[in-house]
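Read through the structure below, which is laid out as structure tokens, and then see the notes.
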Amino acid sequence: MDHQRHDPHNRAVQFAFEAASRYTSGGFLKLAVQRQRFSIRAFTADYAPAWRSALEFQMNFTLHAGVCLLLLLACAWPRAAASQTAPEDAAALAAAGQQAMGRGDYAIAEENFHHLAQLNPNVAEIHATLAAICFKRREYDQAIREIRTAQRLRPFLPKLDSLLGLSLAEEGRYVEALPHLDKGFHQAGDLEVRRMCGLELLRAYSNLARDADAVEISLALNRLYPNDPEVLYHTGRIYGNFAYETLEKLHDTAPGSLWMLQAQGEANESEKNWDGAIVAFNHILTIDPSRPGIHYHLGRVYMGRFRGTGKPQDREQAMREFQAELENDPSNGNAAYELAYLEAEGEDTTAAAEQYERILKEYPDFEEALVGLAGLELTVQKADRAVPLLERAVKIRPDDEVAWWRLAQAYRAVGNREGQQQALATFTRIHQVIPESMRGPIVDAVTPQHLDANPQR
């Protein structure tokens, strides 16, 4: 949570700086959608029932919809098409192809449906099925030909336009693929088809150097699939690449500007290059002594260096920088919080409590400050005052294990046994799930409150 009153784009810019520092090896980041995740199911669900009913009508041949999982024969098979060859031959080929797909033998399936297409060249659904099989086998050029044939025979077969876009993109024909992928991403009703089109759009836009469009699709994908690991991986790379390109442009356009110095300082800070960050931020202050946020960043840098070296002078300098930031900008809640944190750590609990209280008057939803003040109340045996602070904190951030742990302690102190048990259960669940490596502070976030060294019930 950001409790600083400044440009609302600062967090986005900060993210760009941090991401760029991780991609300084540069160069274009080419995406490769995992083709093995392609599912013919996504392109087949609309087709099996009509194929089944038509074939049963012709020859009393029973096909179960679940067994026809990968069959793309969409609508009713015209009697004229069935009469082109013996129904028994068609049924045998269809059944063999269906069984081959069921066991994952797409080479045999392709062979069977290829023969079926030769016997019935005017049935669009057969060509559509063959296209999906060819795509699965990475025979993209053949898939494109079969799709074109199917669309010529039946222009409105569902999902084929999306499959055409995916196939064209896999062939590197990105300009041709874009309208089909864009339509599939924005109009497809099937979430899996939409997802595949979105991921392929990222690759197409990236290869065409349309970075802004790639970022726009990334944002849309993150909204649609917020917890999808593959989506998060690919969109993260897009953001990183865009940040790198943007900062390269900043470097080329204004290499000696305050913005470039700030970018360098924040990138060094994110990489824990404390000395480099100190040089960059102090350079800014020689040019603009009252620039907002710079003393705060310096305080964070000195505090970070103190964590590594244990030198008390770094801790003292960090406190001076936070105080300087508050003199320059009294509304900077993050600087006030860091100062309170260091005061509490140094056992100046009275000053820390007063600082936390001032923060919460201006920022009542500052969750870490709520947890910090509650911790101080617990140390002076005022659990009744800690309880409402912690109850508010866990509503604001339900995954904060420190808040739940301290709430359990506060409930125990006031005699709320049931509340204590519930809080402990929640703490235990969160504590077991969150890796130890993820419990520390992240860049551009205030220093989090910490558990006891070995919390016990």
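Letters A, B, ... go to the chains of the structure tokens in the order shown; residues in each chain start at 1; ligands are counted from 1 in the same order.
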For this session: Identify, on the basis of only C-alpha atoms, every residue whose closest approach to segment 335-351 of chain A does not exceed 8 Å; exclude the query and any residue fewer than 5 positions from it along the same chain; express the result as a PyMOL selection string.
Result: chain A and resi 296+319+322-323+325-326+356+359+369+372+376+446-447
Dump N, CA and C atoms for the selected residues as a PDB file, in the first residue's frame?
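Contents of selection-v2.pdb, freshly written:
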ATOM      1  N   TYR A 296      13.234   9.720   1.421  1.00  0.00           N
ATOM      2  CA  TYR A 296      12.608   8.445   1.791  1.00  0.00           C
ATOM      3  C   TYR A 296      13.374   7.278   1.181  1.00  0.00           C
ATOM      4  N   MET A 319      17.201   6.932   9.916  1.00  0.00           N
ATOM      5  CA  MET A 319      16.234   7.717  10.678  1.00  0.00           C
ATOM      6  C   MET A 319      16.314   9.191  10.303  1.00  0.00           C
ATOM      7  N   PHE A 322      14.519   9.686   6.940  1.00  0.00           N
ATOM      8  CA  PHE A 322      13.059   9.656   7.060  1.00  0.00           C
ATOM      9  C   PHE A 322      12.548  10.949   7.693  1.00  0.00           C
ATOM     10  N   GLN A 323      13.246  11.451   8.692  1.00  0.00           N
ATOM     11  CA  GLN A 323      12.859  12.721   9.311  1.00  0.00           C
ATOM     12  C   GLN A 323      12.960  13.871   8.310  1.00  0.00           C
ATOM     13  N   GLU A 325      12.611  13.612   5.090  1.00  0.00           N
ATOM     14  CA  GLU A 325      11.494  13.464   4.155  1.00  0.00           C
ATOM     15  C   GLU A 325      10.219  14.049   4.746  1.00  0.00           C
ATOM     16  N   LEU A 326       9.980  13.801   6.033  1.00  0.00           N
ATOM     17  CA  LEU A 326       8.770  14.322   6.674  1.00  0.00           C
ATOM     18  C   LEU A 326       8.815  15.842   6.809  1.00  0.00           C
ATOM     19  N   TYR A 356       2.826   6.020  15.046  1.00  0.00           N
ATOM     20  CA  TYR A 356       1.801   5.169  14.455  1.00  0.00           C
ATOM     21  C   TYR A 356       0.427   5.829  14.551  1.00  0.00           C
ATOM     22  N   ILE A 359       0.026   8.508  11.998  1.00  0.00           N
ATOM     23  CA  ILE A 359      -0.172   7.921  10.664  1.00  0.00           C
ATOM     24  C   ILE A 359      -1.622   7.496  10.487  1.00  0.00           C
ATOM     25  N   ALA A 369       0.665  -0.214   9.802  1.00  0.00           N
ATOM     26  CA  ALA A 369       0.681   0.664  10.973  1.00  0.00           C
ATOM     27  C   ALA A 369      -0.290   0.167  12.039  1.00  0.00           C
ATOM     28  N   GLY A 372       1.471  -2.665  13.650  1.00  0.00           N
ATOM     29  CA  GLY A 372       2.587  -2.173  14.451  1.00  0.00           C
ATOM     30  C   GLY A 372       2.134  -1.566  15.762  1.00  0.00           C
ATOM     31  N   LEU A 376       2.670  -2.840  19.857  1.00  0.00           N
ATOM     32  CA  LEU A 376       3.124  -2.032  20.991  1.00  0.00           C
ATOM     33  C   LEU A 376       2.125  -2.080  22.144  1.00  0.00           C
ATOM     34  N   VAL A 446       6.542  -0.930   2.264  1.00  0.00           N
ATOM     35  CA  VAL A 446       7.138  -0.606   3.554  1.00  0.00           C
ATOM     36  C   VAL A 446       7.622  -1.883   4.234  1.00  0.00           C
ATOM     37  N   THR A 447       8.514  -1.717   5.189  1.00  0.00           N
ATOM     38  CA  THR A 447       9.037  -2.859   5.934  1.00  0.00           C
ATOM     39  C   THR A 447       7.900  -3.532   6.698  1.00  0.00           C
TER      40      THR A 447
END
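Summary of the local environment: counting only C-alpha atoms, residues at most 7 Å from segment 160-165 of chain A, other than itself and those fewer than 5 positions away along its chain, are Ile144, Ile147, Ala177, Leu178, His180, Leu181, Gly184 and Cys197 of chain A.
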For this session: Kindly indicate which residue among A:Leu390, A:Met303, A:Leu219, A:Val175 lies nearest to Asn207 of chain A, using only C-alpha atoms for the distances.
Result: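 Among the listed residues, A:Val175 lies closest to Asn207 of chain A.
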